[in-house]
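Trainee: Sharing a structure, written as structure tokens. Questions coming.
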Amino acid sequence: MAVVEIRVANHPYLTDPAGEEVLYEIKHALGIDAVQKVRTAKVYRFEGIDESAARLLAEKLLAEAVFQDYTINAPIIKDAPVVVEVAYKPGVMNPEAASLMKAARDLGIEGLVAADSSREYGFYGQDINSQHIDVILERLLVNATVERVVTEKPATLLISGRPGQTEIIPLRGMSDAELMELSRDRLFLNLEEMKTIQQYFRNIGRDPTDCEIETLAQTWSEHCGHKTFKARLLVEGRVKEPLLKRLQEATFAANHPLVLSAFVDNSGVMEFYDGWAICGKVETHNSPSAIEPYGGAMTGSGGVFRDVMGTGQGARVIASTDMFCFAPPDTPREEIPPGCLSPHYLLRRVVAGVRDYGNRMGIPTNNGSVHFHRDFRAKPSVIVGAYGMLPVERCRKGQPRPGDLAVVIGGRTGRDGIHGATFSSGEMTHRTTEVNASAVQIGHPIEEKRVADAILAASEAGLVRAITDCGAGGFSSALGEMGEKTGVRVWLERAPLKYQGLRPWEIWLSESQERMIIAVSPGNLERLLEICRGLNVEATVLAEFTSDRRLVVTYENEIVCDLDMEFLHHGLPKRVLPARWQQPALKEPQLPIPDALEDIYCRVMSHLNVCSKEPIVRMYDHGVQGSCSLAPYGGVEQDGPNDAVVLTPLLGSPAAVIISHGLNPVLNQIDPYYGSLWAATEAVSNAVAVGANPGELVLIDNFIWPFPDEESLGALDRAVDACVDFVRATGMPFISGKDSLSSTYRGKDGEVIKIPPVLCVSVFGRLPDVKRTISSDFKGTGNLIVLVGQRNLSEMAGSVYYDLYGYLGKNLPRIDLKTVTRVWKGIFRAIQEGKILACHDISEGGLAAALAEMCFGGGVGAELNVPAGERPDYFLFNETSGCFLLEMSPRENPGKVLAGLPHVVLGQTRDNPVIEIKQEGHHLCRIALSTLKRSWKEPMERIFGTPGEAREVG
Amino acid sequence: MKKPRVCILRTDGTNCDRETAYAFERAGGEPHLVHVNQLRAGEKKLTEYQILVIPGGFSYGDDVHSGKILAVELTSFLKEQLQEFVDRGKPVLGICNGFQVLVRTGLLPAARIGDIKTTLMHNNSGRFECRWVYLRVENTSCIFTRGLAGRLLHFQAAHGEGKFYTDSQNLSKIEEGRQVVFRYATSNGEPATVYPDNPNGSLNAIAGICDPSGRVLGLMPHPERFVDLVQHPNWRRQQFREPHGLPIFRNAVTFAQEM
Ligand SMILES: [Mg+2]
């Protein structure tokens with residue numbers, strides 16, 4: 001059947017924002033001046049219809065005559081010297097295709113069998129050469145993992161293929177070398193694990209199928225099996241309990257009364273009010289994001305939302321968070337290792353992915369941060385969190401019963417993400433992009449929104465016995481885990497496919513997104529299917545839970561997998577791993593005390609780890625659901641940053657959820673113990689700064705670590721010790737967590753890049769009355785500015801201030817948990833009593849950055865006195881977390897309100913928009929707020945510059 | 001007085017339905033979430049409702065054009081019901097994606113399903129943006145803004161395709177017919193000509209328009225996100241007599257009750 005092409009473009013005299021955005025990137029990110037203009041067009045292709053039907057589609061659907069033109073089977077950009085079309089590769093699902101099919105059907109068009117869309121770019125400028133175009137395509141417009149340049153009209157849009165066969169792997173007779181060859185690039189298992197599998201099949205007297213081998217490799221992958229976290233450690237001759245066990249035991253010992261579910265479900269659950277519970281989960285999506293940042297970030301968001309949707313008997317997602325670590329965006333091209341993408345591109349595309357998934361699903365993204373360090377240049381860290389709301393009576397993990405049916409709902413299964421779980425567990429090498437191209441895909445948030453709606457309806461109707469998402473490992477992981485205690489019988493040929501040609505093991509392992517499994521009793525099946533039909537959600541009975549504790553998978557009556565659940569889940573050899581942390585050889589710099597502070601103040605504010613991230617936040621819908629009652633940015637010009645988000649998810653009720661987080665990778669390079677204490681302290685301080693009750697907060701851990709060799713594992717051991725000590729000292733439990741231990745890059749030439757270890761601690765909690773929360777913007781003039789908390793000013797290592805001089809330092813902040821716990825309680829009480837007008841915690845950039853941000857929010861200046869005898873630079877730029885700046889009315893007595901807490905009144909807010917800092921009457925600094933603000937805003941505005949910004953309307 | 005029944009029409013990708021329902025509850029209405037499939041199947045009929053709202057979101061992913069696929073679906077299957085609803089003078093409100101849908105059915109500005117006379121293009125910035133903006137309420141016969149003419153309201157805008165555009169002939173028709181209900185404004189109340197006060201590059205700073213009768217209203221920013229004081233980003237530092245979005249929903253409810 002012939003393919004008809006329709007091209008649509010804006011009238012030439014109108015703006016083309018997509019083209020201008022590309023032009024902006026070409027000029028600013030690539031530095032190519034030869035391109036003077038870029039125009040874009042959409043290309044639609046339809047198979048099975050004639051030209052008159054195409055004309056109808058063009059006029060009724062694709063082109064709006066008010067502002068657009070169209071052509072049929074003819075070019076539309078005719079005057080540009082170079083025109084290039086970029087499309088998804090065949091097999092990469094284009095989310096728009098289904099809408100095109102639907103709308104054509106709605107318009108009564110018959111015979112259509114396939115549809116697709118892509119984009120065409122026309123480049124204008126006399127001096128453009130083919131090298132320019134190559135660079136633009138390679139670095140800006142085409143991600144070769146999922147996209148391609150279209151050079152000729154395709155003959156068909158259909159992907160054909162015959163179902164593949166199941167292979168028997170002659171495992172029993174393999175030598176050690178052959179076992180490892182099989183494992184490499186595909187299974188990522190070590191020799192001991194391969195031999196354990198070999199022995200299992202020798203015992204049962206047959207060779208495995210490819211499906212069985214793949215199932216075992218997925219279940220035993222680091223990503224799914226958390227082998228390192230479950231291994232005992234050998235530290236300096238002493239055997240220590242597994243990391244996971246230590247964290248879980250600390251939580252258990254804390255025995256927090258509000259915890260309803262910890263470490264057992266897809267997310268951790270705590271009690272809220274009025275019969276409701278709130279849950280939270282934070283995930284990483286580093287490896288896919290490193291090779292296809294847009295798709296990787298999208299599927300990362302989609303995955304963590306499904307974790308929340310699949311908690312208890314189904315939850316409603318109420319918030320999303322995002323924390324990223326990248327190399328500085330201006331890192332020179334030659335310093336980026338082969339096979340890795342530029343951080344400028346990564347940052348922009350990851351942000352776009354998070355934006356498009358969350359916004360389209362209608363989930364507010366209102367807490368997050370971005371951190372920069374050179375050693376993220378090979379492997380960025382992409383962390384996404386999600387929070388949800390569910391009734392207490394349906395908040396505990398469900399257990400399918402024998403005879404229950406497993407229904408897969410949502411998206412269809414394709415070849416997407418094959419080997420995602422094992423891939424995430426392997427180290428990234430220069431081979432990674434070539435071998436694992438199938439490990440990423442494009443997310444489809446609308447599919448997931450439909451699924452979310454169906455789950456809520458099914459859950460409210462009491463139809464859900466158990467639910468889980470298809471994440472890493474696909475059906476294999478979801479059904480293998482759900483059926484662990486019962487056994488499960490799977491009919492694989494029933495799985496709805498995106499296209500034919502998949503082998504059974506590929507269907508089984510595929511990580512196609514937007515799929516969930518619901519366990520339902522047979523009597524409830526019809527009602528579940530009806531709900532799904534009503535919401536345009538595809539639902540298919542895929543399996544039945546049995547009572548034989550076996551995982552049996554057939555494909556058209558052929559057995560492709562028959563494994564003992566016991567071996568699958570408990571056959572993995574337990575490891576004892578050596579770990580040894582050695583204090584790095586670091587020195588403390590001797591810095592002169594600067595004469596003038598204005599310049600250094602500006603440089604601190606414009607440091608990438610301090611500067612405003614507002615351009616990113618503006619692209620996220622943080623107000624959808626109507627629940628946001630403390631936005632990421634507030635104050636007179638809505639650019640003053642707040643420390644945490646406050647939500648009122650039960651509209652009309654004052655009950656509030658508070659969410660925040662903390663991380664500081666660079667400190668972990670100095671000492672992961674104190675770096676981790678800092679992260680946890682910062683996370684909680686952010687929540688306390690807006691009014692959270694420290695007694696009603698719970699924690700989530702995310703460890704993103706270099707590959708766990710002896711040294712990195714030693715660092716991890718210290719980080720976990722810090723977490724455990726933190727739980728003991730504060731009583732706040734970790735109730736969910738995740739580890740990703742593969743952030744090491746190995747290049748062809750032996751180059752090894754380890755990321756600075758990341759511990760991201762996320763915090764969430766509850767408060768009965770949103771009215772008793774506060775923001776960071778100064779509320780008036782003549783008010784007192786008070787510093788609360790304990791700092792040792794010589795602990796400057798890892799600070800932005802040191803970094804500006806090129807130093808890391810040795811003496812890092814060592815948080816005293818006893819004091820900080822008292823400070824949190826005191827601040828909470830003072831906020832409850834209404835004594836605090838504004839509060840901001842101290843983190844990167846120190847007291848000076850916190851002060852400036854409070855001034856920005858309030859649109860007021862400040863006058864500050866550095867206490868006599870203190871080094872002014874250290875006083876202003878020390879980054880000890882757990883310290884706060886408060887604004888209080890002069891009518892209050894800080895000594896009384898903050899009795900028993902370390903505090904000092906530093907100065908007052910002023911009408912004049914200037915920050916003035918003195919010490920014993922001497923001027924140290926006098927700087928206009930506007931100057932500081934410019935420095936603080938400039939870095940991200942440069943990266944995310946708005947092309948249309950300066951333009952007048954028209 | 002009896003609470004008017006409000007149809008909040010949803011479909012794949014609708015995501016502002018719950019808070020829009022809440023806004024109508026606060027305003028004294030009786031909101032019902034109705035899926036377009038239920039109308040197509042005849043399980044529910046528009047005649048059962050006094051007010052129709054198409055809320056915000058990304059209907060069908062905003063594929064092709066924002067709101068387009070839903071507009072095609074409505075005009076293909078529910079044309080008569082919808083036109084009858086409008087012809088009877090019952091209030092119709094489209095917020096954000098709902099505004100885009102109304103424009104793409106032709107119900108705005110002409111109150112007639114058919115020709116598309118105006119459009120909402122991609123923002124000049126080329127991207128989705130979320131920020132609070134000032135809207136000046138124009139003096140019109142729009143029933144949703146009774147008593148609000150001249151006021152400066154503060155609402156959150158959150159969209160990627162909100163640039164109001166039409167040809168000069170239609171523009172003057174809309175202006176002369178007093179169909180411009182809301183204009184993006186500076187904090188002084190002047191029509192906003194530059195970013196970010198005018199967040200998307202809309203012609204004549206147009207943020208919302210109504211049909212000639214004033215009973216069909218569409219706007220890009222989100223009044224339903226400001227019906228409680230604590231929804232405003234600066235409720236801790238600013239005083240409000242009442243949340244700015246509430247009177248819009250209350251006017252609709254009152255009008256429906258008096259019909
Ligand atoms: Mg903070």
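Chains: A, B, ... in order of the structure tokens. Residues: from 1 per chain. Ligands: from 1, in order shown.
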Report as JSON lines: every residue of chain B with an atom at most 7 Å from chain A, its closest pair of atoms, and their distance in Å to one decimal, counting only C-alpha atoms, with rows sorted by chain and ascending residue number.
Mentor:
{"residue": "B:Asp12", "atom": "CA", "partner": "A:Arg450", "partner_atom": "CA", "distance": 5.9}
{"residue": "B:Gly13", "atom": "CA", "partner": "A:Ile446", "partner_atom": "CA", "distance": 5.2}
{"residue": "B:Asn15", "atom": "CA", "partner": "A:Gly362", "partner_atom": "CA", "distance": 5.0}
{"residue": "B:Cys16", "atom": "CA", "partner": "A:Gln625", "partner_atom": "CA", "distance": 6.2}
{"residue": "B:Arg18", "atom": "CA", "partner": "A:Gln625", "partner_atom": "CA", "distance": 6.9}
{"residue": "B:Glu19", "atom": "CA", "partner": "A:Gly626", "partner_atom": "CA", "distance": 5.7}
{"residue": "B:Asn37", "atom": "CA", "partner": "A:Gly534", "partner_atom": "CA", "distance": 6.6}
{"residue": "B:Gly57", "atom": "CA", "partner": "A:Arg360", "partner_atom": "CA", "distance": 6.8}
{"residue": "B:Phe58", "atom": "CA", "partner": "A:Arg360", "partner_atom": "CA", "distance": 5.7}
{"residue": "B:Tyr60", "atom": "CA", "partner": "A:Ser99", "partner_atom": "CA", "distance": 6.6}
{"residue": "B:Gly61", "atom": "CA", "partner": "A:Ile446", "partner_atom": "CA", "distance": 5.8}
{"residue": "B:Asp63", "atom": "CA", "partner": "A:Glu96", "partner_atom": "CA", "distance": 5.7}
{"residue": "B:Val64", "atom": "CA", "partner": "A:Leu62", "partner_atom": "CA", "distance": 6.2}
{"residue": "B:Ile69", "atom": "CA", "partner": "A:Ala103", "partner_atom": "CA", "distance": 5.9}
{"residue": "B:Val72", "atom": "CA", "partner": "A:Ala103", "partner_atom": "CA", "distance": 6.6}
{"residue": "B:Glu73", "atom": "CA", "partner": "A:Asp106", "partner_atom": "CA", "distance": 5.9}
{"residue": "B:Ser76", "atom": "CA", "partner": "A:Asp106", "partner_atom": "CA", "distance": 6.2}
{"residue": "B:Lys117", "atom": "CA", "partner": "A:Val66", "partner_atom": "CA", "distance": 6.5}
{"residue": "B:Thr118", "atom": "CA", "partner": "A:Val66", "partner_atom": "CA", "distance": 6.5}
{"residue": "B:Thr119", "atom": "CA", "partner": "A:Val66", "partner_atom": "CA", "distance": 6.9}
{"residue": "B:His122", "atom": "CA", "partner": "A:Pro17", "partner_atom": "CA", "distance": 6.8}
{"residue": "B:Asn124", "atom": "CA", "partner": "A:Gly948", "partner_atom": "CA", "distance": 5.1}
{"residue": "B:Ser125", "atom": "CA", "partner": "A:Gly948", "partner_atom": "CA", "distance": 4.5}
{"residue": "B:Gly126", "atom": "CA", "partner": "A:Pro17", "partner_atom": "CA", "distance": 4.6}
{"residue": "B:Phe128", "atom": "CA", "partner": "A:Met619", "partner_atom": "CA", "distance": 5.4}
{"residue": "B:Glu129", "atom": "CA", "partner": "A:Met619", "partner_atom": "CA", "distance": 4.6}
{"residue": "B:Cys130", "atom": "CA", "partner": "A:Arg618", "partner_atom": "CA", "distance": 5.0}
{"residue": "B:Arg131", "atom": "CA", "partner": "A:Arg618", "partner_atom": "CA", "distance": 6.6}
{"residue": "B:Ala158", "atom": "CA", "partner": "A:Asp621", "partner_atom": "CA", "distance": 6.2}
{"residue": "B:Thr166", "atom": "CA", "partner": "A:Val66", "partner_atom": "CA", "distance": 6.4}
{"residue": "B:Thr193", "atom": "CA", "partner": "A:Val953", "partner_atom": "CA", "distance": 5.9}
{"residue": "B:Val194", "atom": "CA", "partner": "A:Glu952", "partner_atom": "CA", "distance": 5.5}
{"residue": "B:Tyr195", "atom": "CA", "partner": "A:Glu949", "partner_atom": "CA", "distance": 5.6}
{"residue": "B:Gly201", "atom": "CA", "partner": "A:Val953", "partner_atom": "CA", "distance": 4.7}
{"residue": "B:Ser202", "atom": "CA", "partner": "A:Val953", "partner_atom": "CA", "distance": 6.4}
{"residue": "B:Leu203", "atom": "CA", "partner": "A:Gly954", "partner_atom": "CA", "distance": 6.2}
{"residue": "B:Arg225", "atom": "CA", "partner": "A:Gly626", "partner_atom": "CA", "distance": 4.9}
{"residue": "B:Val230", "atom": "CA", "partner": "A:Ser629", "partner_atom": "CA", "distance": 5.4}
{"residue": "B:Gln231", "atom": "CA", "partner": "A:Ser629", "partner_atom": "CA", "distance": 5.0}
{"residue": "B:His232", "atom": "CA", "partner": "A:Ser629", "partner_atom": "CA", "distance": 6.8}
{"residue": "B:Pro233", "atom": "CA", "partner": "A:Gly634", "partner_atom": "CA", "distance": 5.9}
{"residue": "B:Asn234", "atom": "CA", "partner": "A:Gly635", "partner_atom": "CA", "distance": 6.3}
{"residue": "B:Arg237", "atom": "CA", "partner": "A:Lys779", "partner_atom": "CA", "distance": 6.5}
Trainee: Residues as selected, C-alpha atoms, written as a compact mmCIF listing (two decimals), in the first residue's frame, can you do that?
Mentor:
# COMPACT_ATOMS: atom_id res chain seq x y z
CA ASP B 12 -7.30 10.59 27.99
CA GLY B 13 -4.79 13.08 29.34
CA ASN B 15 -5.49 16.34 34.36
CA CYS B 16 -7.06 19.43 35.91
CA ARG B 18 -10.29 17.22 40.18
CA GLU B 19 -9.31 20.76 41.14
CA ASN B 37 -16.75 7.81 26.22
CA GLY B 57 -4.53 18.92 30.74
CA PHE B 58 -3.05 17.31 27.66
CA TYR B 60 -4.64 12.84 23.81
CA GLY B 61 -1.16 14.14 24.50
CA ASP B 63 -0.79 15.45 19.58
CA VAL B 64 -0.87 17.35 16.26
CA ILE B 69 -7.82 15.35 18.78
CA VAL B 72 -12.19 16.37 16.29
CA GLU B 73 -13.85 13.75 18.48
CA SER B 76 -17.48 14.10 14.94
CA LYS B 117 -11.23 31.41 13.08
CA THR B 118 -8.63 31.85 15.79
CA THR B 119 -5.90 29.68 17.17
CA HIS B 122 3.16 27.56 20.49
CA ASN B 124 7.02 32.49 21.57
CA SER B 125 9.50 31.00 24.02
CA GLY B 126 8.99 27.65 22.33
CA PHE B 128 5.97 25.06 28.38
CA GLU B 129 6.08 27.60 31.18
CA CYS B 130 4.45 27.81 34.57
CA ARG B 131 4.20 31.21 36.25
CA ALA B 158 0.91 26.74 32.77
CA THR B 166 -5.87 35.34 14.41
CA THR B 193 3.30 43.47 25.51
CA VAL B 194 6.50 41.73 26.55
CA TYR B 195 7.62 38.51 28.17
CA GLY B 201 3.30 36.43 22.83
CA SER B 202 -0.48 36.61 22.50
CA LEU B 203 -1.87 39.22 20.11
CA ARG B 225 -5.85 27.02 41.03
CA VAL B 230 -3.26 29.08 50.47
CA GLN B 231 -3.04 28.24 46.77
CA HIS B 232 -1.45 31.62 46.07
CA PRO B 233 2.37 31.56 46.17
CA ASN B 234 2.48 34.65 48.36
CA ARG B 237 2.91 38.02 52.66
Trainee: Please write out the residues within 9 Å of ligand 1 as number ranges by chain, counting only C-alpha atoms and all ligand atoms.
Mentor: A: 641-644, 660-662, 682-683, 685-687, 689, 840-844, 850, 881
Trainee: Any idea what's packed within 8 Å of region 752-768 of chain A, counting only C-alpha atoms, ignoring anything in its chain fewer than 2 positions away? Could you give it as a tab-separated table (two decimals) with N, CA and C atoms, in the first residue's frame?
Mentor:
chain	number	residue	atom	x	y	z
A	272	PHE	N	-1.13	9.51	57.19
A	272	PHE	CA	-1.47	10.93	57.04
A	272	PHE	C	-2.62	11.20	58.00
A	273	TYR	N	-3.66	11.89	57.57
A	273	TYR	CA	-4.78	12.18	58.45
A	273	TYR	C	-6.08	11.64	57.85
A	280	GLY	N	6.08	7.38	49.41
A	280	GLY	CA	7.15	8.02	48.64
A	280	GLY	C	8.13	7.00	48.11
A	282	VAL	N	11.88	7.08	45.55
A	282	VAL	CA	12.83	7.83	44.74
A	282	VAL	C	13.70	6.83	43.99
A	373	HIS	N	29.63	18.72	38.98
A	373	HIS	CA	31.00	18.34	39.31
A	373	HIS	C	31.60	17.70	38.07
A	375	ASP	N	33.49	15.29	37.53
A	375	ASP	CA	33.57	13.83	37.42
A	375	ASP	C	32.23	13.16	37.09
A	376	PHE	N	31.21	13.97	36.84
A	376	PHE	CA	29.98	13.40	36.30
A	376	PHE	C	29.98	13.43	34.77
A	378	ALA	N	31.21	11.49	32.53
A	378	ALA	CA	30.93	10.24	31.81
A	378	ALA	C	29.58	9.68	32.22
A	379	LYS	N	29.28	9.71	33.48
A	379	LYS	CA	28.01	9.18	33.96
A	379	LYS	C	27.29	10.22	34.82
A	654	PRO	N	-6.83	21.55	55.54
A	654	PRO	CA	-5.54	22.21	55.77
A	654	PRO	C	-4.38	21.22	55.96
A	655	ALA	N	-4.68	19.91	55.94
A	655	ALA	CA	-3.62	18.93	56.19
A	655	ALA	C	-2.56	19.00	55.11
A	656	ALA	N	-1.30	19.06	55.53
A	656	ALA	CA	-0.22	19.35	54.58
A	656	ALA	C	0.81	18.23	54.52
A	657	VAL	N	1.36	18.05	53.32
A	657	VAL	CA	2.50	17.17	53.10
A	657	VAL	C	3.71	18.07	52.83
A	658	ILE	N	4.83	17.73	53.45
A	658	ILE	CA	6.07	18.49	53.22
A	658	ILE	C	7.09	17.55	52.58
A	659	ILE	N	7.75	18.01	51.53
A	659	ILE	CA	8.73	17.17	50.83
A	659	ILE	C	10.01	17.99	50.59
A	660	SER	N	11.15	17.37	50.89
A	660	SER	CA	12.42	18.04	50.60
A	660	SER	C	13.50	16.98	50.41
A	661	HIS	N	14.73	17.43	50.20
A	661	HIS	CA	15.82	16.47	50.02
A	661	HIS	C	17.16	17.15	50.27
A	662	GLY	N	18.21	16.37	50.32
A	662	GLY	CA	19.55	16.92	50.46
A	662	GLY	C	20.58	15.98	49.86
A	663	LEU	N	21.63	16.55	49.26
A	663	LEU	CA	22.77	15.77	48.78
A	663	LEU	C	23.96	16.70	48.59
A	664	ASN	N	25.14	16.14	48.69
A	664	ASN	CA	26.35	16.93	48.49
A	664	ASN	C	27.49	16.00	48.11
A	665	PRO	N	27.53	15.58	46.83
A	665	PRO	CA	28.49	14.56	46.41
A	665	PRO	C	29.94	14.90	46.73
A	666	VAL	N	30.29	16.18	46.62
A	666	VAL	CA	31.71	16.51	46.75
A	666	VAL	C	32.22	16.19	48.15
A	668	ASN	N	31.43	13.69	49.90
A	668	ASN	CA	31.69	12.26	49.99
A	668	ASN	C	33.06	11.88	49.43
A	669	GLN	N	33.62	12.77	48.61
A	669	GLN	CA	34.98	12.53	48.13
A	669	GLN	C	35.99	12.73	49.25
A	672	PRO	N	32.97	10.02	53.19
A	672	PRO	CA	31.57	9.66	52.95
A	672	PRO	C	30.74	9.59	54.23
A	676	SER	N	27.63	12.06	54.19
A	676	SER	CA	26.29	11.49	54.28
A	676	SER	C	25.49	12.10	55.42
A	679	ALA	N	24.19	15.28	54.09
A	679	ALA	CA	23.05	15.13	53.17
A	679	ALA	C	21.75	14.91	53.95
A	680	ALA	N	21.80	14.02	54.92
A	680	ALA	CA	20.59	13.73	55.70
A	680	ALA	C	20.17	14.96	56.50
A	683	ALA	N	18.65	17.53	54.23
A	683	ALA	CA	17.30	17.14	53.79
A	683	ALA	C	16.28	17.51	54.86
A	684	VAL	N	16.59	17.15	56.10
A	684	VAL	CA	15.65	17.43	57.19
A	684	VAL	C	15.57	18.92	57.47
A	687	ALA	N	13.17	20.69	55.32
A	687	ALA	CA	11.77	20.50	55.72
A	687	ALA	C	11.45	21.33	56.97
A	692	ALA	N	8.18	21.98	59.19
A	692	ALA	CA	7.90	20.56	59.44
A	692	ALA	C	8.19	20.19	60.88
A	693	ASN	N	7.43	19.22	61.35
A	693	ASN	CA	7.64	18.67	62.68
A	693	ASN	C	8.68	17.56	62.57
A	696	GLU	N	7.71	13.97	62.85
A	696	GLU	CA	6.78	13.35	61.90
A	696	GLU	C	7.32	13.38	60.48
A	697	LEU	N	8.60	13.07	60.37
A	697	LEU	CA	9.25	13.01	59.05
A	697	LEU	C	9.83	11.61	58.86
A	698	VAL	N	9.79	11.13	57.62
A	698	VAL	CA	10.45	9.86	57.28
A	698	VAL	C	11.39	10.09	56.10
A	699	LEU	N	12.32	9.13	55.91
A	699	LEU	CA	13.41	9.34	54.96
A	699	LEU	C	13.44	8.28	53.86
A	700	ILE	N	14.02	8.66	52.73
A	700	ILE	CA	14.27	7.74	51.62
A	700	ILE	C	15.73	7.90	51.22
A	701	ASP	N	16.42	6.77	51.06
A	701	ASP	CA	17.83	6.86	50.66
A	701	ASP	C	18.01	6.47	49.19
A	702	ASN	N	18.93	7.15	48.54
A	702	ASN	CA	19.38	6.76	47.20
A	702	ASN	C	20.89	6.84	47.14
A	703	PHE	N	21.50	5.69	46.98
A	703	PHE	CA	22.95	5.65	46.85
A	703	PHE	C	23.30	5.48	45.38
A	704	ILE	N	24.01	6.45	44.82
A	704	ILE	CA	24.49	6.30	43.45
A	704	ILE	C	26.00	6.33	43.55
A	705	TRP	N	26.58	5.20	43.28
A	705	TRP	CA	27.98	4.99	43.65
A	705	TRP	C	28.79	4.51	42.46
A	706	PRO	N	30.09	4.73	42.52
A	706	PRO	CA	30.94	4.08	41.53
A	706	PRO	C	30.84	2.56	41.70
A	707	PHE	N	31.29	1.83	40.71
A	707	PHE	CA	31.28	0.38	40.78
A	707	PHE	C	31.92	-0.08	42.10
A	719	ALA	N	29.16	5.38	54.43
A	719	ALA	CA	27.94	6.17	54.21
A	719	ALA	C	26.75	5.52	54.90
A	743	SER	N	28.31	3.60	38.63
A	743	SER	CA	28.68	4.86	38.02
A	743	SER	C	30.19	5.02	37.88
A	744	THR	N	30.77	4.05	37.22
A	744	THR	CA	32.18	4.10	36.86
A	744	THR	C	32.27	3.96	35.35
A	745	TYR	N	33.15	4.75	34.75
A	745	TYR	CA	33.36	4.66	33.31
A	745	TYR	C	34.74	4.10	33.03
A	746	ARG	N	34.81	3.15	32.12
A	746	ARG	CA	36.11	2.61	31.70
A	746	ARG	C	36.29	2.80	30.21
A	747	GLY	N	37.25	3.59	29.85
A	747	GLY	CA	37.49	3.88	28.43
A	747	GLY	C	38.43	2.87	27.80
A	750	GLY	N	42.04	2.81	28.89
A	750	GLY	CA	42.29	2.56	30.30
A	750	GLY	C	41.86	3.69	31.21
A	770	VAL	N	-1.66	23.76	57.34
A	770	VAL	CA	-0.78	24.45	56.40
A	770	VAL	C	-0.51	25.89	56.81
Trainee: Would you please extract all strand (DSSP E) residues from region 27-149 of chain B, as assigned by DSSP on the backbone, and give them as number ranges by chain?
Mentor: B: 30-35, 51-54, 92-95, 118-121, 129-137
Trainee: Neighbouring residues of Ala319 (chain A) were defined as those with any atom within 6 Å, considering only C-alpha atoms; residues of the same chain fewer than 6 positions away were excluded. Please report them as a list in words.
Mentor: Ile363, Pro364, Thr365, Ala386 and Tyr387 of chain A
Trainee: Kindly give the distance, in Å, that separates CA of Val552 (chain A) and CA of Arg489 (chain A), rounded to a single decimal.
Mentor: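 Interatomic distance here is 4.9 Å.
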Trainee: Report, in Å to a single decimal, how far apart CA of Pro496 (chain A) and CA of Gly411 (chain A) are.
Mentor: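 Between CA of Gly411 (chain A) and CA of Pro496 (chain A) the gap is 8.4 Å.
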Trainee: Lys90 (chain B): which residues within 12 Å, counting only C-alpha atoms, same-chain residues fewer than 3 positions away excluded, as a PyMOL selection string?
Mentor: chain B and resi 4-7+46-53+82-87+93+111+143-144+213-217+252-259
Trainee: Residues within 12 Å of Glu138 (chain B), please, as number ranges by chain. Count only C-alpha atoms; anything in the same chain fewer than 2 positions from it doesn't count.
Mentor: B: 135-136, 140-142, 144-153, 175, 178-185, 189-191, 205-210
Trainee: Skipping near chain neighbours, those fewer than 4 positions away, what residues fall within 7 Å of Ile831 (chain A) using only C-alpha atoms, listed as a list in words?
Mentor: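 So, after excluding close chain neighbours, the residues are Gly691, Arg772, Ile827, Lys835 and Ile836 of chain A.
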Trainee: Counting only C-alpha atoms, which of B:Trp132, B:Phe24, B:Phe249, B:Trp235 gets nearest to Asp197 (chain B)?
Mentor: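 Checking each candidate against Asp197 (chain B), we get B:Trp132 as the closest.
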Trainee: For CA of Arg112 (chain B) and CA of Arg88 (chain B), quote the distance in Å rounded to one decimal.
Mentor: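 Result for CA of Arg112 (chain B) versus CA of Arg88 (chain B): 12.5 Å, one decimal.
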Trainee: Please identify which residues in region 557-692 of chain A DSSP calls helix (DSSP H, G or I) from the backbone, and express them as a PyMOL selection string.
Mentor: chain A and resi 565-570+598-605+614-617+624-626+665-670+672-689
Trainee: Which residue is closest to Ser172 (chain B)? Choose from B:Leu39, B:Pro55, B:Asn204, B:Gln156 and count only C-alpha atoms.
Mentor: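 Of all the options, B:Asn204 lies closest to Ser172 (chain B).
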